[in-house]
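S.K.: This is the structure I have questions about; it appears just below.
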Amino acid sequence: MNEKENGPEVEAEVTDPKEKKKPIWEHIKDSEKAEVEELATEYMDFLTKAKTERVVSDLTLEKVSQCGFVDLKGGSAVKRGGWLRHHGKLLGLFVPGKEDPLNGFNLIVAHGDAPRLDLKPKCVYEDSGLGLLKSNLYGGLKKFQWLARPLAIWGFCALKDGRHVELRLGEEPGDPVLTITDILPHLDRKVQREKRLADAFPAERLNVLANSKPLPKAKEKSAVKGALLKILENRWGIKEDDLISSELELVPAGPAREVGFDASMIGGYAQDDRLSVFCAVKALLAQKKPRRPLLAVIYDREEIGSYGSTGAESNFIMRLAAAALGAVGKDPSWNNVQVALAGSRAISADVEAAVDPTFKEVHDDLNSGLLGHGPCLVRYTGSAGKYGASEAGAEYMALIRRLFDEASVIWQSTLLGKQEEGGGGTVAHLMAYHGISVVDCGPPILSMHSPFEISSKADVWMNVKAQKAFFASA
Ligand code: MN
Ligand code: MN
């Protein structure tokens, strides 16, 4: 077209949505500010206390039990809500709705596990006069981030006589911590500096410094190892062989912290995905008499591909649905479970990568999430060519957009980085297997999978709002 025939040219609208998007902080009313801070404090307390997937499950169970949730296997009437747990980790929650569960549940799934270092079943040894522990990677962590920093050990030891012992060190004030040593720069040329990053930090070098004082007046060679075993036995009643049936996890020591001169952000370990767990439980407990029945599941093993009996690859969602049907007097038959799940809608609640201003080139500007700009609705994950992705259908995306917009949720439509930068996945495809409509949604965070992940207080607050809107939807 030209100006003569069609009137003056209209200047094209700015197409970059980031130009127009305001941070949530600009939308928060004065009356809501205290609520944002209160929620952040509660969330940081949760992050500080829940350092393992087992404790995440324990604390959540304690909280919902206080609110009147009952064991779905216990046979008692479910009024407020019910729970189902598997192997002390995987936890499912149910809140009855006004509608028939055969029409489907509103479901939020998140994961309570996080990248960490486990100890190997046989881990104690002595070298150069020091007691050491051999670790094993769990999940996708950047190994160099775990060297030369204070670590705490959180252990769950199952003894042959059936007793359980909790071994914890490094979190209480006055506790000593553990650490993994790094080589000094003066001598790192051949062992690290001249190597590719992927080769410079072999997993087998992540050995944990455990002790240095030998047994008094000991003549044997392994007097330091012996001294460590004595401490384990005297303090926790654990013998070396008991470590074979223990879950010993090394995590960054210390509490979650406020970050920034303005204290607007939260720094802490395992916000992937305990942020989503915290929000989902908060949002679920806010629902008193929802229209549709609700389910929430806190999975384990997501960081290693969801395998195992406590992961999303297991059939737990079917057993949870069956228990929920039974709890409201419906026939929990195989067919009914399948019908109920196929009619269900889910949010796969997982954190998303926020744009890091220092590494902007890995993101597609138009489809990336900004910290403090609300939860990210991620239509598909996977890697190049949508490989391994569980893509949400157009109709389901429309439904979620409508729900969020009607509830005045500030949210972003994002994808995980540029197409050929890498990739990743969530548990979404394992929900889709049952015919469940599912989309990934969670706040963007910085330094994901590091010992100190960063979220925005505003995003945490907005994420609860988004999840409440989803749970409450008809
Ligand atoms: Mn995650
Ligand atoms: Mn992760």
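In the structure tokens, chains take the letters A, B, ... in the order shown, each chain's residues start at 1, and ligands count up from 1 in the order shown.
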Show me which residues sit within 7 Å of ligand 2 when counting only C-alpha atoms and all ligand atoms, and put them as a list in words.
M.R.: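 Those residues are Ala114, Asp272, Asp273, Glu303 and His449 of chain A.
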S.K.: At a cut-off of 12 Å and counting only C-alpha atoms and all ligand atoms, what residues surround ligand 1? Please answer as a short mmCIF file (atom, residue, chain, number, x, y, z; two decimals) with all heavy atoms, in the first residue's frame.
M.R.:
```cif
data_model
loop_
_atom_site.label_atom_id
_atom_site.label_comp_id
_atom_site.auth_asym_id
_atom_site.auth_seq_id
_atom_site.Cartn_x
_atom_site.Cartn_y
_atom_site.Cartn_z
N VAL A 109 1.42 -31.18 39.48
CA VAL A 109 2.53 -32.08 39.83
C VAL A 109 3.84 -31.28 39.90
O VAL A 109 4.07 -30.39 39.10
CB VAL A 109 2.69 -33.25 38.83
CG1 VAL A 109 1.52 -34.18 38.92
CG2 VAL A 109 2.84 -32.76 37.39
N ALA A 110 4.64 -31.60 40.91
CA ALA A 110 5.93 -30.94 41.07
C ALA A 110 6.92 -32.00 41.55
O ALA A 110 6.51 -33.14 41.79
CB ALA A 110 5.83 -29.80 42.08
N HIS A 111 8.20 -31.64 41.69
CA HIS A 111 9.14 -32.64 42.20
C HIS A 111 9.94 -32.10 43.38
O HIS A 111 10.32 -30.94 43.41
CB HIS A 111 10.05 -33.20 41.11
CG HIS A 111 10.99 -32.23 40.49
ND1 HIS A 111 12.28 -32.05 40.93
CD2 HIS A 111 10.85 -31.37 39.44
CE1 HIS A 111 12.88 -31.15 40.18
NE2 HIS A 111 12.04 -30.71 39.28
N GLY A 112 10.16 -32.99 44.34
CA GLY A 112 10.84 -32.60 45.58
C GLY A 112 12.32 -32.91 45.60
O GLY A 112 13.03 -32.50 46.51
N ASP A 113 12.80 -33.66 44.60
CA ASP A 113 14.23 -33.96 44.57
C ASP A 113 14.99 -32.85 43.86
O ASP A 113 14.39 -32.04 43.14
CB ASP A 113 14.48 -35.31 43.86
CG ASP A 113 14.09 -35.29 42.40
OD1 ASP A 113 13.04 -34.70 42.06
OD2 ASP A 113 14.84 -35.84 41.56
N ALA A 114 16.29 -32.79 44.07
CA ALA A 114 17.11 -31.74 43.46
C ALA A 114 18.51 -32.30 43.21
O ALA A 114 18.92 -33.26 43.87
CB ALA A 114 17.19 -30.53 44.40
N PRO A 115 19.25 -31.70 42.26
CA PRO A 115 20.62 -32.16 42.03
C PRO A 115 21.43 -32.07 43.32
O PRO A 115 21.27 -31.12 44.09
CB PRO A 115 21.16 -31.17 41.00
CG PRO A 115 19.94 -30.64 40.31
CD PRO A 115 18.88 -30.60 41.36
N GLY A 139 21.71 -36.19 39.44
CA GLY A 139 21.12 -35.13 38.64
C GLY A 139 22.17 -34.29 37.92
O GLY A 139 23.38 -34.51 38.06
N GLY A 140 21.71 -33.33 37.18
CA GLY A 140 22.58 -32.54 36.32
C GLY A 140 23.19 -31.35 37.04
O GLY A 140 22.67 -30.24 36.98
N ALA A 270 17.99 -25.80 45.76
CA ALA A 270 16.85 -26.67 45.42
C ALA A 270 15.52 -25.96 45.21
O ALA A 270 14.46 -26.52 45.43
CB ALA A 270 16.68 -27.78 46.46
N GLN A 271 15.60 -24.71 44.77
CA GLN A 271 14.35 -24.03 44.41
C GLN A 271 13.72 -24.74 43.21
O GLN A 271 12.51 -24.69 43.02
CB GLN A 271 14.61 -22.55 44.11
CG GLN A 271 15.23 -21.83 45.30
CD GLN A 271 15.00 -20.34 45.27
OE1 GLN A 271 13.88 -19.87 45.23
NE2 GLN A 271 16.08 -19.57 45.28
N ASP A 272 14.55 -25.37 42.39
CA ASP A 272 14.11 -26.36 41.40
C ASP A 272 14.01 -27.69 42.13
O ASP A 272 15.02 -28.35 42.34
CB ASP A 272 15.10 -26.43 40.24
CG ASP A 272 14.77 -27.53 39.24
OD1 ASP A 272 13.68 -28.11 39.34
OD2 ASP A 272 15.61 -27.82 38.37
N ASP A 273 12.88 -28.16 42.58
CA ASP A 273 11.59 -27.63 42.24
C ASP A 273 10.76 -27.40 43.51
O ASP A 273 9.55 -27.48 43.49
CB ASP A 273 10.91 -28.62 41.28
CG ASP A 273 9.64 -28.10 40.66
OD1 ASP A 273 9.51 -26.89 40.48
OD2 ASP A 273 8.74 -28.91 40.42
N ARG A 274 11.50 -27.13 44.63
CA ARG A 274 10.76 -26.97 45.89
C ARG A 274 9.97 -25.68 45.90
O ARG A 274 9.04 -25.52 46.69
CB ARG A 274 11.73 -27.09 47.07
CG ARG A 274 12.23 -28.52 47.16
CD ARG A 274 13.33 -28.79 48.12
NE ARG A 274 13.90 -30.10 47.76
CZ ARG A 274 15.09 -30.54 48.11
NH1 ARG A 274 15.86 -29.78 48.88
NH2 ARG A 274 15.52 -31.71 47.72
N LEU A 275 10.32 -24.77 44.99
CA LEU A 275 9.50 -23.57 44.83
C LEU A 275 8.09 -23.98 44.40
O LEU A 275 7.09 -23.54 44.98
CB LEU A 275 10.13 -22.65 43.78
CG LEU A 275 9.68 -21.19 43.69
CD1 LEU A 275 10.61 -20.40 42.82
CD2 LEU A 275 8.26 -21.00 43.22
N SER A 276 8.03 -24.87 43.40
CA SER A 276 6.72 -25.32 42.90
C SER A 276 5.99 -26.15 43.95
O SER A 276 4.77 -26.06 44.07
CB SER A 276 6.90 -26.15 41.63
OG SER A 276 7.62 -25.43 40.66
N VAL A 277 6.74 -26.96 44.70
CA VAL A 277 6.12 -27.77 45.74
C VAL A 277 5.47 -26.86 46.78
O VAL A 277 4.31 -27.03 47.14
CB VAL A 277 7.17 -28.69 46.45
CG1 VAL A 277 6.58 -29.34 47.69
CG2 VAL A 277 7.70 -29.74 45.48
N ILE A 298 3.79 -34.69 44.68
CA ILE A 298 5.20 -34.30 44.81
C ILE A 298 6.03 -35.53 44.45
O ILE A 298 6.12 -36.49 45.21
CB ILE A 298 5.52 -33.85 46.25
CG1 ILE A 298 4.60 -32.70 46.64
CG2 ILE A 298 6.98 -33.45 46.36
CD1 ILE A 298 4.67 -32.35 48.11
N TYR A 299 6.59 -35.48 43.25
CA TYR A 299 7.37 -36.62 42.76
C TYR A 299 8.82 -36.55 43.25
O TYR A 299 9.33 -35.50 43.63
CB TYR A 299 7.36 -36.66 41.23
CG TYR A 299 6.11 -37.26 40.66
CD1 TYR A 299 5.18 -36.49 39.95
CD2 TYR A 299 5.84 -38.61 40.82
CE1 TYR A 299 4.03 -37.05 39.43
CE2 TYR A 299 4.69 -39.18 40.30
CZ TYR A 299 3.79 -38.39 39.60
OH TYR A 299 2.65 -38.96 39.09
N ASP A 300 9.47 -37.69 43.18
CA ASP A 300 10.89 -37.83 43.46
C ASP A 300 11.54 -38.22 42.12
O ASP A 300 10.84 -38.51 41.14
CB ASP A 300 11.04 -38.95 44.52
CG ASP A 300 12.48 -39.23 44.88
OD1 ASP A 300 13.31 -38.32 44.80
OD2 ASP A 300 12.77 -40.39 45.26
N ARG A 301 12.85 -38.20 42.03
CA ARG A 301 13.60 -38.76 40.90
C ARG A 301 13.46 -38.01 39.58
O ARG A 301 13.87 -38.52 38.54
CB ARG A 301 13.22 -40.24 40.64
CG ARG A 301 13.33 -41.12 41.85
CD ARG A 301 14.76 -41.49 42.07
NE ARG A 301 14.95 -41.98 43.43
CZ ARG A 301 15.90 -42.80 43.80
NH1 ARG A 301 16.77 -43.22 42.91
NH2 ARG A 301 16.02 -43.17 45.04
N GLU A 302 12.85 -36.82 39.62
CA GLU A 302 12.68 -36.09 38.35
C GLU A 302 14.03 -35.74 37.75
O GLU A 302 14.23 -35.80 36.54
CB GLU A 302 11.86 -34.82 38.59
CG GLU A 302 11.34 -34.18 37.30
CD GLU A 302 12.32 -33.22 36.64
OE1 GLU A 302 13.31 -32.79 37.29
OE2 GLU A 302 12.12 -32.90 35.47
N GLU A 303 14.98 -35.42 38.63
CA GLU A 303 16.28 -34.95 38.14
C GLU A 303 17.12 -36.06 37.50
O GLU A 303 18.15 -35.79 36.90
CB GLU A 303 17.07 -34.28 39.27
CG GLU A 303 16.41 -32.99 39.80
CD GLU A 303 16.39 -31.86 38.78
OE1 GLU A 303 16.93 -32.03 37.68
OE2 GLU A 303 15.81 -30.80 39.09
N ILE A 304 16.71 -37.31 37.66
CA ILE A 304 17.45 -38.40 36.99
C ILE A 304 16.56 -39.12 35.98
O ILE A 304 16.81 -40.27 35.63
CB ILE A 304 18.07 -39.38 38.01
CG1 ILE A 304 17.01 -39.95 38.95
CG2 ILE A 304 19.15 -38.70 38.83
CD1 ILE A 304 17.48 -41.17 39.71
N GLY A 305 15.51 -38.44 35.54
CA GLY A 305 14.69 -38.99 34.46
C GLY A 305 13.38 -39.62 34.93
O GLY A 305 12.71 -40.28 34.13
N SER A 306 13.02 -39.42 36.19
CA SER A 306 11.73 -39.88 36.74
C SER A 306 11.61 -41.40 36.88
O SER A 306 10.52 -41.92 37.07
CB SER A 306 10.55 -39.34 35.92
OG SER A 306 10.48 -37.94 36.05
N SER A 348 2.13 -29.05 35.04
CA SER A 348 3.41 -29.64 35.44
C SER A 348 4.21 -28.46 35.98
O SER A 348 4.74 -27.64 35.23
CB SER A 348 4.09 -30.26 34.22
OG SER A 348 5.45 -30.47 34.49
N ALA A 349 4.22 -28.36 37.32
CA ALA A 349 4.79 -27.16 37.96
C ALA A 349 6.29 -27.35 38.13
O ALA A 349 6.73 -28.15 38.94
CB ALA A 349 4.12 -26.93 39.31
N ASP A 350 7.03 -26.63 37.33
CA ASP A 350 8.49 -26.72 37.42
C ASP A 350 9.07 -25.35 37.08
O ASP A 350 8.49 -24.61 36.29
CB ASP A 350 9.01 -27.79 36.44
CG ASP A 350 10.27 -28.48 36.97
OD1 ASP A 350 10.96 -27.89 37.82
OD2 ASP A 350 10.56 -29.60 36.51
N VAL A 351 10.19 -25.05 37.69
CA VAL A 351 10.79 -23.75 37.44
C VAL A 351 11.34 -23.68 36.02
O VAL A 351 11.63 -24.69 35.40
CB VAL A 351 11.90 -23.43 38.47
CG1 VAL A 351 11.30 -23.22 39.84
CG2 VAL A 351 12.96 -24.52 38.48
N GLU A 352 11.49 -22.45 35.53
CA GLU A 352 11.95 -22.23 34.16
C GLU A 352 13.22 -21.37 34.21
O GLU A 352 13.52 -20.75 35.23
CB GLU A 352 10.79 -21.52 33.40
CG GLU A 352 11.09 -20.92 32.06
CD GLU A 352 11.34 -21.94 30.97
OE1 GLU A 352 11.74 -23.07 31.27
OE2 GLU A 352 11.18 -21.59 29.79
N ALA A 353 13.98 -21.38 33.11
CA ALA A 353 15.21 -20.58 33.09
C ALA A 353 14.87 -19.11 32.88
O ALA A 353 14.22 -18.75 31.91
CB ALA A 353 16.11 -21.07 31.97
N THR A 381 8.77 -28.38 26.03
CA THR A 381 10.19 -28.39 26.39
C THR A 381 10.92 -29.25 25.37
O THR A 381 10.75 -29.05 24.18
CB THR A 381 10.39 -28.93 27.83
OG1 THR A 381 9.82 -30.24 27.92
CG2 THR A 381 9.75 -28.03 28.85
N GLY A 424 15.87 -29.82 27.70
CA GLY A 424 15.53 -30.44 28.98
C GLY A 424 14.09 -30.89 28.95
O GLY A 424 13.40 -30.70 27.95
N GLY A 425 13.67 -31.51 30.02
CA GLY A 425 12.29 -31.99 30.07
C GLY A 425 11.77 -31.98 31.48
O GLY A 425 12.49 -31.65 32.42
N THR A 426 10.51 -32.33 31.60
CA THR A 426 9.85 -32.35 32.91
C THR A 426 9.06 -33.65 33.00
O THR A 426 9.22 -34.54 32.16
CB THR A 426 8.89 -31.16 33.06
OG1 THR A 426 7.87 -31.31 32.07
CG2 THR A 426 9.61 -29.84 32.87
N VAL A 427 8.16 -33.73 33.97
CA VAL A 427 7.32 -34.93 34.09
C VAL A 427 6.07 -34.83 33.20
O VAL A 427 5.24 -35.75 33.20
CB VAL A 427 6.88 -35.21 35.55
CG1 VAL A 427 8.11 -35.42 36.44
CG2 VAL A 427 6.01 -34.09 36.10
N ALA A 428 5.92 -33.74 32.46
CA ALA A 428 4.69 -33.49 31.70
C ALA A 428 4.30 -34.69 30.82
O ALA A 428 3.14 -35.11 30.80
CB ALA A 428 4.83 -32.23 30.85
N ASP A 440 3.52 -27.17 31.13
CA ASP A 440 4.51 -26.78 32.13
C ASP A 440 4.30 -25.32 32.52
O ASP A 440 4.09 -24.46 31.66
CB ASP A 440 5.93 -26.94 31.56
CG ASP A 440 6.34 -28.40 31.46
OD1 ASP A 440 6.41 -29.05 32.52
OD2 ASP A 440 6.58 -28.88 30.34
N CYS A 441 4.39 -25.07 33.81
CA CYS A 441 4.25 -23.68 34.26
C CYS A 441 4.96 -23.48 35.59
O CYS A 441 4.70 -24.21 36.56
CB CYS A 441 2.77 -23.33 34.40
SG CYS A 441 2.50 -21.61 34.87
N GLY A 442 5.85 -22.52 35.64
CA GLY A 442 6.55 -22.21 36.89
C GLY A 442 7.36 -20.94 36.74
O GLY A 442 7.61 -20.49 35.62
N PRO A 443 7.79 -20.38 37.85
CA PRO A 443 8.53 -19.12 37.79
C PRO A 443 9.92 -19.29 37.19
O PRO A 443 10.51 -20.36 37.29
CB PRO A 443 8.66 -18.71 39.26
CG PRO A 443 7.68 -19.53 40.00
CD PRO A 443 7.51 -20.79 39.22
N PRO A 444 10.45 -18.23 36.57
CA PRO A 444 11.81 -18.29 36.06
C PRO A 444 12.80 -18.10 37.20
O PRO A 444 12.57 -17.30 38.11
CB PRO A 444 11.87 -17.09 35.10
CG PRO A 444 10.89 -16.11 35.65
CD PRO A 444 9.81 -16.91 36.35
N ILE A 445 13.90 -18.85 37.17
CA ILE A 445 14.95 -18.65 38.18
C ILE A 445 16.31 -18.53 37.51
O ILE A 445 16.50 -18.95 36.37
CB ILE A 445 14.97 -19.79 39.24
CG1 ILE A 445 15.39 -21.14 38.63
CG2 ILE A 445 13.63 -19.94 39.93
CD1 ILE A 445 15.66 -22.22 39.69
N MET A 448 20.04 -21.94 37.78
CA MET A 448 19.34 -23.21 38.03
C MET A 448 20.33 -24.36 38.16
O MET A 448 21.34 -24.41 37.47
CB MET A 448 18.36 -23.50 36.89
CG MET A 448 17.34 -24.59 37.24
SD MET A 448 16.44 -25.18 35.81
CE MET A 448 15.37 -23.79 35.46
N HIS A 449 20.02 -25.27 39.05
CA HIS A 449 20.84 -26.45 39.37
C HIS A 449 22.15 -26.11 40.10
O HIS A 449 22.99 -26.98 40.26
CB HIS A 449 21.15 -27.30 38.13
CG HIS A 449 19.98 -28.16 37.71
ND1 HIS A 449 20.13 -29.31 36.98
CD2 HIS A 449 18.66 -28.04 37.95
CE1 HIS A 449 18.93 -29.84 36.77
NE2 HIS A 449 18.03 -29.10 37.35
N GLU A 453 20.39 -21.07 43.90
CA GLU A 453 19.47 -20.66 42.84
C GLU A 453 18.73 -19.39 43.27
O GLU A 453 18.46 -19.21 44.46
CB GLU A 453 18.47 -21.78 42.56
CG GLU A 453 19.13 -23.08 42.10
CD GLU A 453 18.17 -24.25 41.91
OE1 GLU A 453 17.21 -24.37 42.70
OE2 GLU A 453 18.38 -25.05 40.98
#
```
S.K.: So, with only C-alpha atoms as the atoms that count, which of A:Lys418, A:Gly326, A:Tyr387, A:Ala346 lies closest to Phe359 (chain A)?
M.R.: A:Lys418
S.K.: Hey, what does DSSP flag as helix (DSSP H, G or I) within region 155-193 of chain A? Can you give it to me as a ChimeraX atom specification?
M.R.: /A:185-187,189-193
S.K.: Would you save the residues of that selection, restricted to C-alpha atoms, as a short mmCIF file (atom, residue, chain, number, x, y, z; two decimals), in the first residue's frame?
M.R.:
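What landed in again_39.cif:
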```cif
data_model
loop_
_atom_site.label_atom_id
_atom_site.label_comp_id
_atom_site.auth_asym_id
_atom_site.auth_seq_id
_atom_site.Cartn_x
_atom_site.Cartn_y
_atom_site.Cartn_z
CA PRO A 185 45.66 -22.23 41.18
CA HIS A 186 49.44 -22.41 41.51
CA LEU A 187 49.32 -26.12 40.68
CA ARG A 189 47.73 -26.14 35.09
CA LYS A 190 47.75 -29.77 33.99
CA VAL A 191 44.97 -31.19 36.15
CA GLN A 192 42.41 -28.48 35.37
CA ARG A 193 43.31 -25.30 33.50
#
```
S.K.: For each of A:Gly237, A:Gly155, A:Gly131, A:Pro332, take the minimum atom-to-atom distance to Lys213 (chain A), counting only C-alpha atoms, then give the residue where this is smallest.
M.R.: A:Gly131
S.K.: Identify, on the basis of only C-alpha atoms, every residue whose closest approach to Gly104 (chain A) does not exceed 6 Å; exclude the query and any residue fewer than 3 positions from it along the same chain; express the result as a list in words.
M.R.: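 With the cut-off at 6 Å, the set is Pro101, Ala340, Leu341, Gly343 and Ser344 of chain A.
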S.K.: Have a look at A:Leu370, A:Leu243, A:Leu248, A:Leu133 and name the one nearest to Asn211 (chain A); count only C-alpha atoms.
M.R.: A:Leu133
S.K.: Between A:Val64, A:Met318, A:Ala472, A:Leu119, single out the one closest to Leu93 (chain A), counting only C-alpha atoms.
M.R.: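 Of the candidates, the smallest distance to Leu93 (chain A) is held by A:Val64.
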S.K.: Please, which residues of region 306-430 of chain A, numbered as in this document, come out strand (DSSP E) from DSSP, as a ChimeraX atom specification?
M.R.: /A:345-348,352-353,376-378,382-383,412-414,423-424
